[in-house]
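Notes follow the structure.
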Amino acid sequence: MPEVTPDENTFPSPLPLRTIAARQKGGKSMSQSKFCYFDNNATTRVAPEVVEAMLPFFTEHWGNPSSSYRFGHQLTKAIAAAREKVAALINADPNEIIFTSCGTESNNAAIHSALVTHPAKRHVVTTAVEHSANLKFGAHLKKLGFDVTLLPVESDGSLDIHLLEKAIRPDTAIVSVMWANNETGVIFPIEEIAAICRSKGVPFHTDAVQVPGKLKLDVKDIEVDFLSLSAHKLHAPKGIGALYIKHHTRYQPYIIGGGQERGRRGGTESVADIVGFGRAAELTLAHLKGETTRLRQLRDKLEHGILKTVPDTVRNGDREARLANTSNISFGGLEAGDILKGLDHVGICASSGSACTTGSLEPSHVLTAMGLSAARARGSIRFSLGRYSTEAEVEYLLEQLPPIIAELLRRGGVIIKS
Ligand code: PLP
């Protein structure tokens with residue numbers, strides 16, 4: 001059952017989640033969960049195999065990897081093994097990977113390094129739809145006197161790479177473009193962008209945080225100079241990430257300290273998190289084949305179901321060039337916050353890209369960059385599936401959502417008092 005007390009006067013009663021459990025036929029069981037989770041682009045459940053791999057590093061092998069005695073050396077080996085697994089996820093060499101604290105740090109570190117190693121170049125090219133890990137860092141750089149170009153996107157979320165090509169100048173230190181968008185799932189043509197940057201001799205960074213488990217990542221096929229990963233998007237814990245730095249790329253550390261990560265990132269290594277990240281990378285690679293098709297089928301069922309049964313709904317983002325797990329839908333005449341409260345009431349987790357500032361919803365910068373009106377953008381919800389998503393959960397959503405929307409529309413979209 002959802003851990004919520006349904007209020008009969010507010011919304012139709014939810015289907016008990018045991019009904020969902022009863023419908024789970026052979027699929028992966030979510031019996032431990034008391035809710036239906038459609039927010040895997042925000043974060044993912046830590047896989048039990050990952051927890052198992054990490055536990056000894058809290059209880060037995062808790063030393064400092066920099067120590068000179070054997071108790072420390074074992075940890076160095078565990079970190080090396082994890083580095084190999086994370087490298088294998090993107091077909092990199094292990095010494096091209098540094099562990100960071102998160103995707104945000106990886107993005108900041110890549111851009112920072114390009115600016116510091118090319119001091120005469122003070123221009124950065126990125127897009128208007130990046131994660132705030134890039135956009136807010138860009139705004140910070142502007143305050144410091146750097147020049148940042150934010151490329152616009154088309155109404156389907158795609159990027160005009162001719163504009164990108166034109167935006168690169170002799171003083172461009174780095175181009176940073178995300179591989180796939182966290183709100184819409186729209187995939188950018190990273191291979192073409194990498195080729196343009198290479199032909200112009202400009203370093204290229206891609207934020208690939210949303211990609212593992214959804215697309216094949218191969219840095220030998222697509223030549224990027226820097227690539228960011230975040231463990232909590234692939235069933236590992238929060239607080240650990242990685243930055244791929246291609247061989248021979250000039251690099252200056254972002255966090256300076258004790259010389260860890262071969263002098264490229266200071267700070268005592270979080271060994272358990274690194275081990276967990278390694279195990280998660282291994283599982284992600286093993287699951288990739290077949291998982292994308294399964295996710296796409298589930299996502300399409302969810303998306304078609306909503307578009308067919310709920311009036312005035314529109315999908316945001318290109319239909320094809322999109323991550324298999326993501327669906328972003330605008331609900332006409334409604335505020336996402338109201339819909340999310342209604343869903344939460346029946347034990348369903350989803351999200352909107354809108355930020356809540358001073359009590360009102362700011363429309364998502366991604367959707368407004370795609371040309372959606374502020375009202376449409378404010379009424380948009382992202383559903384993102386993952387390894388543990390099941391068909392029964394999608395069916396539950398499709399049963400619960402239409403009456404919630406009908407009720408909200410009947411009330412003129414009035415915010416539900418919690
Ligand atoms: N980049 C993208 C595309 C993301 O979706 C996120 C997190 O949502 C990040 C970067 C930031 O990652 P982290 O939460 O590990 O800092």
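How things are named: the first chain in the structure tokens is A, the next is B, and so on; residues count from 1 in each chain; ligands count from 1 in the order shown.
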
Quick one: everything within 10 Å of Ile190 of chain A, counting only C-alpha atoms, minus sequence neighbours fewer than 2 positions away in the same chain. Send it as a PyMOL selection string. chain A and resi 161+177-180+187-188+192-196+204-206+222-224

May I have a table of the residues of segment 246-323 of chain A lying at most 9 Å from segment 97-115 of chain A, giving each one's closest pair of atoms and their distance in Å to one decimal, counting only C-alpha atoms, ordered by chain and ascending residue number, as a tab-separated table?
```
residue	atom	partner	partner_atom	distance
A:Lys246	CA	A:Ile97	CA	8.5
A:Arg250	CA	A:Ala114	CA	7.7
A:Tyr251	CA	A:Ser113	CA	5.5
A:Gln252	CA	A:Ser113	CA	5.0
A:Pro253	CA	A:Ser113	CA	6.7
A:Tyr254	CA	A:Ala109	CA	5.1
A:Ile255	CA	A:Ala109	CA	8.2
A:Glu261	CA	A:Ile98	CA	6.0
A:Arg262	CA	A:Ile98	CA	8.7
A:Arg264	CA	A:Ile98	CA	7.2
A:Arg265	CA	A:Ile98	CA	7.2
A:Glu269	CA	A:Phe99	CA	8.1
A:Ser270	CA	A:Ser101	CA	8.8
A:Ile274	CA	A:Phe99	CA	7.5
```

Neighbours of Ala139 of chain A within 12 Å (only C-alpha atoms; same-chain residues fewer than 6 positions away dropped), as an NGL selection string? :A and (108 or 124 or 126 or 128 or 132-133 or 145-150)

With all heavy atoms retained, write the just-selected residues as a PDB file, in the first residue's frame.
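The resulting file, part.pdb, is reproduced below:
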```
ATOM      1  N   ASN A 108      31.720  20.623 -13.710  1.00  0.00           N
ATOM      2  CA  ASN A 108      32.465  21.833 -13.319  1.00  0.00           C
ATOM      3  C   ASN A 108      33.956  21.631 -13.575  1.00  0.00           C
ATOM      4  O   ASN A 108      34.647  22.519 -14.081  1.00  0.00           O
ATOM      5  CB  ASN A 108      32.265  22.139 -11.829  1.00  0.00           C
ATOM      6  CG  ASN A 108      30.879  22.701 -11.489  1.00  0.00           C
ATOM      7  OD1 ASN A 108      30.697  23.304 -10.453  1.00  0.00           O
ATOM      8  ND2 ASN A 108      29.895  22.498 -12.330  1.00  0.00           N
ATOM      9  N   VAL A 124      33.219  29.865 -23.648  1.00  0.00           N
ATOM     10  CA  VAL A 124      32.678  28.507 -23.498  1.00  0.00           C
ATOM     11  C   VAL A 124      31.393  28.410 -24.319  1.00  0.00           C
ATOM     12  O   VAL A 124      30.580  29.338 -24.296  1.00  0.00           O
ATOM     13  CB  VAL A 124      32.353  28.215 -21.999  1.00  0.00           C
ATOM     14  CG1 VAL A 124      31.688  26.858 -21.837  1.00  0.00           C
ATOM     15  CG2 VAL A 124      33.608  28.310 -21.138  1.00  0.00           C
ATOM     16  N   THR A 126      27.968  26.189 -24.775  1.00  0.00           N
ATOM     17  CA  THR A 126      27.131  25.129 -24.212  1.00  0.00           C
ATOM     18  C   THR A 126      25.691  25.356 -24.715  1.00  0.00           C
ATOM     19  O   THR A 126      25.493  26.152 -25.629  1.00  0.00           O
ATOM     20  CB  THR A 126      27.282  25.086 -22.668  1.00  0.00           C
ATOM     21  OG1 THR A 126      26.573  23.962 -22.165  1.00  0.00           O
ATOM     22  CG2 THR A 126      26.791  26.355 -21.986  1.00  0.00           C
ATOM     23  N   ALA A 128      21.301  25.858 -24.035  1.00  0.00           N
ATOM     24  CA  ALA A 128      20.339  26.454 -23.097  1.00  0.00           C
ATOM     25  C   ALA A 128      19.588  25.400 -22.294  1.00  0.00           C
ATOM     26  O   ALA A 128      18.844  25.743 -21.379  1.00  0.00           O
ATOM     27  CB  ALA A 128      19.346  27.316 -23.875  1.00  0.00           C
ATOM     28  N   SER A 132      21.542  22.244 -14.514  1.00  0.00           N
ATOM     29  CA  SER A 132      22.066  23.426 -13.803  1.00  0.00           C
ATOM     30  C   SER A 132      23.530  23.245 -13.409  1.00  0.00           C
ATOM     31  O   SER A 132      24.225  24.236 -13.150  1.00  0.00           O
ATOM     32  CB  SER A 132      21.203  23.751 -12.586  1.00  0.00           C
ATOM     33  OG  SER A 132      21.018  22.588 -11.821  1.00  0.00           O
ATOM     34  N   ALA A 133      24.010  21.998 -13.373  1.00  0.00           N
ATOM     35  CA  ALA A 133      25.436  21.751 -13.105  1.00  0.00           C
ATOM     36  C   ALA A 133      26.303  22.475 -14.134  1.00  0.00           C
ATOM     37  O   ALA A 133      27.443  22.819 -13.854  1.00  0.00           O
ATOM     38  CB  ALA A 133      25.725  20.246 -13.152  1.00  0.00           C
ATOM     39  N   GLY A 145      33.864  37.175 -15.659  1.00  0.00           N
ATOM     40  CA  GLY A 145      34.351  37.863 -16.859  1.00  0.00           C
ATOM     41  C   GLY A 145      34.537  36.958 -18.072  1.00  0.00           C
ATOM     42  O   GLY A 145      35.016  37.416 -19.117  1.00  0.00           O
ATOM     43  N   PHE A 146      34.189  35.675 -17.969  1.00  0.00           N
ATOM     44  CA  PHE A 146      34.284  34.801 -19.144  1.00  0.00           C
ATOM     45  C   PHE A 146      33.050  35.019 -20.027  1.00  0.00           C
ATOM     46  O   PHE A 146      32.030  35.535 -19.578  1.00  0.00           O
ATOM     47  CB  PHE A 146      34.361  33.324 -18.706  1.00  0.00           C
ATOM     48  CG  PHE A 146      35.629  32.984 -17.975  1.00  0.00           C
ATOM     49  CD1 PHE A 146      35.700  33.026 -16.586  1.00  0.00           C
ATOM     50  CD2 PHE A 146      36.774  32.637 -18.682  1.00  0.00           C
ATOM     51  CE1 PHE A 146      36.883  32.730 -15.916  1.00  0.00           C
ATOM     52  CE2 PHE A 146      37.965  32.330 -18.024  1.00  0.00           C
ATOM     53  CZ  PHE A 146      38.016  32.384 -16.632  1.00  0.00           C
ATOM     54  N   ASP A 147      33.153  34.563 -21.256  1.00  0.00           N
ATOM     55  CA  ASP A 147      32.029  34.696 -22.183  1.00  0.00           C
ATOM     56  C   ASP A 147      31.426  33.302 -22.405  1.00  0.00           C
ATOM     57  O   ASP A 147      32.170  32.347 -22.683  1.00  0.00           O
ATOM     58  CB  ASP A 147      32.572  35.278 -23.501  1.00  0.00           C
ATOM     59  CG  ASP A 147      31.459  35.771 -24.397  1.00  0.00           C
ATOM     60  OD1 ASP A 147      30.293  35.759 -23.950  1.00  0.00           O
ATOM     61  OD2 ASP A 147      31.757  36.166 -25.544  1.00  0.00           O
ATOM     62  N   VAL A 148      30.124  33.184 -22.250  1.00  0.00           N
ATOM     63  CA  VAL A 148      29.482  31.867 -22.384  1.00  0.00           C
ATOM     64  C   VAL A 148      28.373  31.968 -23.419  1.00  0.00           C
ATOM     65  O   VAL A 148      27.473  32.804 -23.290  1.00  0.00           O
ATOM     66  CB  VAL A 148      28.905  31.394 -21.023  1.00  0.00           C
ATOM     67  CG1 VAL A 148      28.231  30.024 -21.165  1.00  0.00           C
ATOM     68  CG2 VAL A 148      29.994  31.344 -19.951  1.00  0.00           C
ATOM     69  N   THR A 149      28.428  31.131 -24.460  1.00  0.00           N
ATOM     70  CA  THR A 149      27.352  31.105 -25.460  1.00  0.00           C
ATOM     71  C   THR A 149      26.407  29.952 -25.125  1.00  0.00           C
ATOM     72  O   THR A 149      26.840  28.804 -24.990  1.00  0.00           O
ATOM     73  CB  THR A 149      27.920  30.881 -26.885  1.00  0.00           C
ATOM     74  OG1 THR A 149      28.796  31.964 -27.192  1.00  0.00           O
ATOM     75  CG2 THR A 149      26.813  30.794 -27.929  1.00  0.00           C
ATOM     76  N   LEU A 150      25.114  30.279 -24.991  1.00  0.00           N
ATOM     77  CA  LEU A 150      24.101  29.238 -24.755  1.00  0.00           C
ATOM     78  C   LEU A 150      23.370  28.999 -26.071  1.00  0.00           C
ATOM     79  O   LEU A 150      22.634  29.873 -26.543  1.00  0.00           O
ATOM     80  CB  LEU A 150      23.084  29.707 -23.713  1.00  0.00           C
ATOM     81  CG  LEU A 150      23.569  29.914 -22.278  1.00  0.00           C
ATOM     82  CD1 LEU A 150      22.396  30.275 -21.367  1.00  0.00           C
ATOM     83  CD2 LEU A 150      24.264  28.667 -21.748  1.00  0.00           C
TER      84      LEU A 150
END
```

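Across A:Asn91, A:Thr293, A:Thr184, A:Ser330, the tightest approach to ligand 1 is made by A:Thr184 when counting only C-alpha atoms and all ligand atoms.
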
Taking only C-alpha atoms and all ligand atoms into account, report as an MDAnalysis selection string which residues have an atom no farther than 7 Å from an atom of ligand 1. chainID A and resid 41:42 102:105 130:131 133 178 180:182 207:210 230:232 238:241

Residues from last step as file, N, CA and C atoms, as a PDB file, in the first residue's frame:
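See selection02.pdb below for the written result:
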```
ATOM      1  N   ASN A  41      15.161   9.376 -13.537  1.00  0.00           N
ATOM      2  CA  ASN A  41      16.158  10.353 -14.013  1.00  0.00           C
ATOM      3  C   ASN A  41      16.623  11.246 -12.860  1.00  0.00           C
ATOM      4  N   ALA A  42      15.838  11.272 -11.780  1.00  0.00           N
ATOM      5  CA  ALA A  42      16.255  12.046 -10.595  1.00  0.00           C
ATOM      6  C   ALA A  42      17.264  11.238  -9.803  1.00  0.00           C
ATOM      7  N   CYS A 102      30.383  13.635  -7.716  1.00  0.00           N
ATOM      8  CA  CYS A 102      29.068  13.635  -8.367  1.00  0.00           C
ATOM      9  C   CYS A 102      29.191  14.134  -9.817  1.00  0.00           C
ATOM     10  N   GLY A 103      28.076  14.058 -10.536  1.00  0.00           N
ATOM     11  CA  GLY A 103      28.054  14.559 -11.909  1.00  0.00           C
ATOM     12  C   GLY A 103      28.311  16.052 -11.968  1.00  0.00           C
ATOM     13  N   THR A 104      27.797  16.768 -10.992  1.00  0.00           N
ATOM     14  CA  THR A 104      27.986  18.225 -10.966  1.00  0.00           C
ATOM     15  C   THR A 104      29.467  18.561 -10.901  1.00  0.00           C
ATOM     16  N   GLU A 105      30.174  17.889 -10.006  1.00  0.00           N
ATOM     17  CA  GLU A 105      31.621  18.158  -9.888  1.00  0.00           C
ATOM     18  C   GLU A 105      32.333  17.811 -11.206  1.00  0.00           C
ATOM     19  N   GLU A 130      21.046  22.583 -20.799  1.00  0.00           N
ATOM     20  CA  GLU A 130      21.903  21.755 -19.933  1.00  0.00           C
ATOM     21  C   GLU A 130      21.323  21.691 -18.519  1.00  0.00           C
ATOM     22  N   HIS A 131      21.828  20.746 -17.775  1.00  0.00           N
ATOM     23  CA  HIS A 131      21.515  20.656 -16.344  1.00  0.00           C
ATOM     24  C   HIS A 131      22.103  21.890 -15.650  1.00  0.00           C
ATOM     25  N   ALA A 133      24.010  21.998 -13.373  1.00  0.00           N
ATOM     26  CA  ALA A 133      25.436  21.751 -13.105  1.00  0.00           C
ATOM     27  C   ALA A 133      26.303  22.475 -14.134  1.00  0.00           C
ATOM     28  N   MET A 178      25.411  18.281 -23.444  1.00  0.00           N
ATOM     29  CA  MET A 178      24.961  17.043 -22.801  1.00  0.00           C
ATOM     30  C   MET A 178      24.644  15.977 -23.848  1.00  0.00           C
ATOM     31  N   ALA A 180      22.359  13.442 -23.373  1.00  0.00           N
ATOM     32  CA  ALA A 180      20.895  13.284 -23.391  1.00  0.00           C
ATOM     33  C   ALA A 180      20.305  14.150 -22.293  1.00  0.00           C
ATOM     34  N   ASN A 181      19.149  14.729 -22.599  1.00  0.00           N
ATOM     35  CA  ASN A 181      18.544  15.670 -21.666  1.00  0.00           C
ATOM     36  C   ASN A 181      17.800  14.958 -20.540  1.00  0.00           C
ATOM     37  N   ASN A 182      18.017  15.427 -19.326  1.00  0.00           N
ATOM     38  CA  ASN A 182      17.407  14.779 -18.170  1.00  0.00           C
ATOM     39  C   ASN A 182      15.905  15.003 -18.074  1.00  0.00           C
ATOM     40  N   ASP A 207      28.178  15.819 -20.958  1.00  0.00           N
ATOM     41  CA  ASP A 207      27.554  15.381 -19.716  1.00  0.00           C
ATOM     42  C   ASP A 207      26.708  14.157 -20.092  1.00  0.00           C
ATOM     43  N   ALA A 208      27.244  12.972 -19.747  1.00  0.00           N
ATOM     44  CA  ALA A 208      26.556  11.724 -20.122  1.00  0.00           C
ATOM     45  C   ALA A 208      25.846  11.115 -18.916  1.00  0.00           C
ATOM     46  N   VAL A 209      25.537  11.957 -17.931  1.00  0.00           N
ATOM     47  CA  VAL A 209      24.976  11.455 -16.676  1.00  0.00           C
ATOM     48  C   VAL A 209      23.711  10.608 -16.886  1.00  0.00           C
ATOM     49  N   GLN A 210      22.887  10.984 -17.867  1.00  0.00           N
ATOM     50  CA  GLN A 210      21.617  10.255 -18.057  1.00  0.00           C
ATOM     51  C   GLN A 210      21.742   9.056 -19.000  1.00  0.00           C
ATOM     52  N   SER A 230      27.539   9.946 -13.271  1.00  0.00           N
ATOM     53  CA  SER A 230      27.102  10.056 -11.879  1.00  0.00           C
ATOM     54  C   SER A 230      26.532   8.710 -11.456  1.00  0.00           C
ATOM     55  N   ALA A 231      27.056   8.179 -10.338  1.00  0.00           N
ATOM     56  CA  ALA A 231      26.714   6.800  -9.950  1.00  0.00           C
ATOM     57  C   ALA A 231      25.248   6.624  -9.558  1.00  0.00           C
ATOM     58  N   HIS A 232      24.653   7.678  -8.974  1.00  0.00           N
ATOM     59  CA  HIS A 232      23.292   7.447  -8.448  1.00  0.00           C
ATOM     60  C   HIS A 232      22.238   7.351  -9.545  1.00  0.00           C
ATOM     61  N   LYS A 238      24.416   7.887  -4.008  1.00  0.00           N
ATOM     62  CA  LYS A 238      24.666   9.301  -4.302  1.00  0.00           C
ATOM     63  C   LYS A 238      26.028   9.691  -3.732  1.00  0.00           C
ATOM     64  N   GLY A 239      26.621  10.757  -4.272  1.00  0.00           N
ATOM     65  CA  GLY A 239      27.880  11.253  -3.715  1.00  0.00           C
ATOM     66  C   GLY A 239      29.109  10.656  -4.361  1.00  0.00           C
ATOM     67  N   ILE A 240      28.939  10.016  -5.503  1.00  0.00           N
ATOM     68  CA  ILE A 240      30.105   9.496  -6.226  1.00  0.00           C
ATOM     69  C   ILE A 240      29.851   9.652  -7.733  1.00  0.00           C
ATOM     70  N   GLY A 241      30.857  10.127  -8.412  1.00  0.00           N
ATOM     71  CA  GLY A 241      30.756  10.324  -9.863  1.00  0.00           C
ATOM     72  C   GLY A 241      32.099  10.026 -10.491  1.00  0.00           C
TER      73      GLY A 241
END
```

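Shortest atom-to-atom contact with Ala92 of chain A among A:Phe277, A:Phe38, A:Phe226, A:Tyr69: A:Phe226, counting only C-alpha atoms.
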
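Here atom CA of Asn325 of chain A is placed at a distance of 28.4 Å from atom CA of Gly138 of chain A.
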
Would you mind writing down, as a ChimeraX atom specification, each residue of segment 89-175 of chain A that DSSP on the backbone assigns to strand (DSSP E or B)? /A:97-100,123-127,147-151,172-175

Since we have the selection now, will you write its residues out, keeping N, CA, C and O atoms, as a PDB file, in the first residue's frame?
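Below you can see result_27.pdb, which holds the result:
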```pdb
ATOM      1  N   ILE A  97      40.040   7.513 -16.144  1.00  0.00           N
ATOM      2  CA  ILE A  97      38.894   7.777 -15.262  1.00  0.00           C
ATOM      3  C   ILE A  97      39.374   8.358 -13.944  1.00  0.00           C
ATOM      4  O   ILE A  97      40.276   7.796 -13.313  1.00  0.00           O
ATOM      5  N   ILE A  98      38.774   9.478 -13.513  1.00  0.00           N
ATOM      6  CA  ILE A  98      39.000   9.907 -12.131  1.00  0.00           C
ATOM      7  C   ILE A  98      37.654   9.885 -11.413  1.00  0.00           C
ATOM      8  O   ILE A  98      36.612  10.171 -12.006  1.00  0.00           O
ATOM      9  N   PHE A  99      37.701   9.480 -10.136  1.00  0.00           N
ATOM     10  CA  PHE A  99      36.478   9.498  -9.348  1.00  0.00           C
ATOM     11  C   PHE A  99      36.284  10.896  -8.763  1.00  0.00           C
ATOM     12  O   PHE A  99      37.242  11.541  -8.326  1.00  0.00           O
ATOM     13  N   THR A 100      35.036  11.353  -8.800  1.00  0.00           N
ATOM     14  CA  THR A 100      34.663  12.668  -8.268  1.00  0.00           C
ATOM     15  C   THR A 100      33.531  12.448  -7.261  1.00  0.00           C
ATOM     16  O   THR A 100      33.175  11.291  -6.990  1.00  0.00           O
ATOM     17  N   HIS A 123      36.232  31.745 -23.694  1.00  0.00           N
ATOM     18  CA  HIS A 123      34.867  31.552 -24.206  1.00  0.00           C
ATOM     19  C   HIS A 123      34.461  30.080 -24.089  1.00  0.00           C
ATOM     20  O   HIS A 123      35.253  29.185 -24.401  1.00  0.00           O
ATOM     21  N   VAL A 124      33.219  29.865 -23.648  1.00  0.00           N
ATOM     22  CA  VAL A 124      32.678  28.507 -23.498  1.00  0.00           C
ATOM     23  C   VAL A 124      31.393  28.410 -24.319  1.00  0.00           C
ATOM     24  O   VAL A 124      30.580  29.338 -24.296  1.00  0.00           O
ATOM     25  N   VAL A 125      31.233  27.296 -25.040  1.00  0.00           N
ATOM     26  CA  VAL A 125      29.978  27.071 -25.782  1.00  0.00           C
ATOM     27  C   VAL A 125      29.224  25.933 -25.103  1.00  0.00           C
ATOM     28  O   VAL A 125      29.785  24.859 -24.864  1.00  0.00           O
ATOM     29  N   THR A 126      27.968  26.189 -24.775  1.00  0.00           N
ATOM     30  CA  THR A 126      27.131  25.129 -24.212  1.00  0.00           C
ATOM     31  C   THR A 126      25.691  25.356 -24.715  1.00  0.00           C
ATOM     32  O   THR A 126      25.493  26.152 -25.629  1.00  0.00           O
ATOM     33  N   THR A 127      24.717  24.644 -24.170  1.00  0.00           N
ATOM     34  CA  THR A 127      23.349  24.825 -24.681  1.00  0.00           C
ATOM     35  C   THR A 127      22.439  25.359 -23.580  1.00  0.00           C
ATOM     36  O   THR A 127      22.758  25.245 -22.388  1.00  0.00           O
ATOM     37  N   ASP A 147      33.153  34.563 -21.256  1.00  0.00           N
ATOM     38  CA  ASP A 147      32.029  34.696 -22.183  1.00  0.00           C
ATOM     39  C   ASP A 147      31.426  33.302 -22.405  1.00  0.00           C
ATOM     40  O   ASP A 147      32.170  32.347 -22.683  1.00  0.00           O
ATOM     41  N   VAL A 148      30.124  33.184 -22.250  1.00  0.00           N
ATOM     42  CA  VAL A 148      29.482  31.867 -22.384  1.00  0.00           C
ATOM     43  C   VAL A 148      28.373  31.968 -23.419  1.00  0.00           C
ATOM     44  O   VAL A 148      27.473  32.804 -23.290  1.00  0.00           O
ATOM     45  N   THR A 149      28.428  31.131 -24.460  1.00  0.00           N
ATOM     46  CA  THR A 149      27.352  31.105 -25.460  1.00  0.00           C
ATOM     47  C   THR A 149      26.407  29.952 -25.125  1.00  0.00           C
ATOM     48  O   THR A 149      26.840  28.804 -24.990  1.00  0.00           O
ATOM     49  N   LEU A 150      25.114  30.279 -24.991  1.00  0.00           N
ATOM     50  CA  LEU A 150      24.101  29.238 -24.755  1.00  0.00           C
ATOM     51  C   LEU A 150      23.370  28.999 -26.071  1.00  0.00           C
ATOM     52  O   LEU A 150      22.634  29.873 -26.543  1.00  0.00           O
ATOM     53  N   LEU A 151      23.573  27.837 -26.651  1.00  0.00           N
ATOM     54  CA  LEU A 151      22.930  27.559 -27.945  1.00  0.00           C
ATOM     55  C   LEU A 151      21.446  27.282 -27.751  1.00  0.00           C
ATOM     56  O   LEU A 151      21.068  26.555 -26.821  1.00  0.00           O
ATOM     57  N   THR A 172      37.561  30.059 -28.133  1.00  0.00           N
ATOM     58  CA  THR A 172      36.725  29.086 -27.419  1.00  0.00           C
ATOM     59  C   THR A 172      37.617  28.060 -26.720  1.00  0.00           C
ATOM     60  O   THR A 172      38.407  27.366 -27.368  1.00  0.00           O
ATOM     61  N   ALA A 173      37.455  27.968 -25.397  1.00  0.00           N
ATOM     62  CA  ALA A 173      38.293  27.043 -24.616  1.00  0.00           C
ATOM     63  C   ALA A 173      37.696  25.639 -24.609  1.00  0.00           C
ATOM     64  O   ALA A 173      38.427  24.649 -24.532  1.00  0.00           O
ATOM     65  N   ILE A 174      36.378  25.543 -24.646  1.00  0.00           N
ATOM     66  CA  ILE A 174      35.722  24.228 -24.569  1.00  0.00           C
ATOM     67  C   ILE A 174      34.280  24.329 -25.070  1.00  0.00           C
ATOM     68  O   ILE A 174      33.631  25.377 -24.935  1.00  0.00           O
ATOM     69  N   VAL A 175      33.808  23.218 -25.653  1.00  0.00           N
ATOM     70  CA  VAL A 175      32.384  23.064 -25.990  1.00  0.00           C
ATOM     71  C   VAL A 175      31.857  21.992 -25.038  1.00  0.00           C
ATOM     72  O   VAL A 175      32.466  20.930 -24.900  1.00  0.00           O
TER      73      VAL A 175
END
```

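The gap separating atom CA of Val46 of chain A from atom CA of Cys349 of chain A is 16.6 Å, in Å to one decimal.
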
Excluding Arg299 of chain A and its own-chain neighbours fewer than 5 positions away, which residues fall within 9 Å of it when counting only C-alpha atoms? Please give them as number ranges by chain. A: 294, 304, 324-327, 383-385, 394

Nearest to Val314 of chain A: which of A:Leu372, A:Val366, A:Leu144, A:Val346 is it, counting only C-alpha atoms? A:Leu372
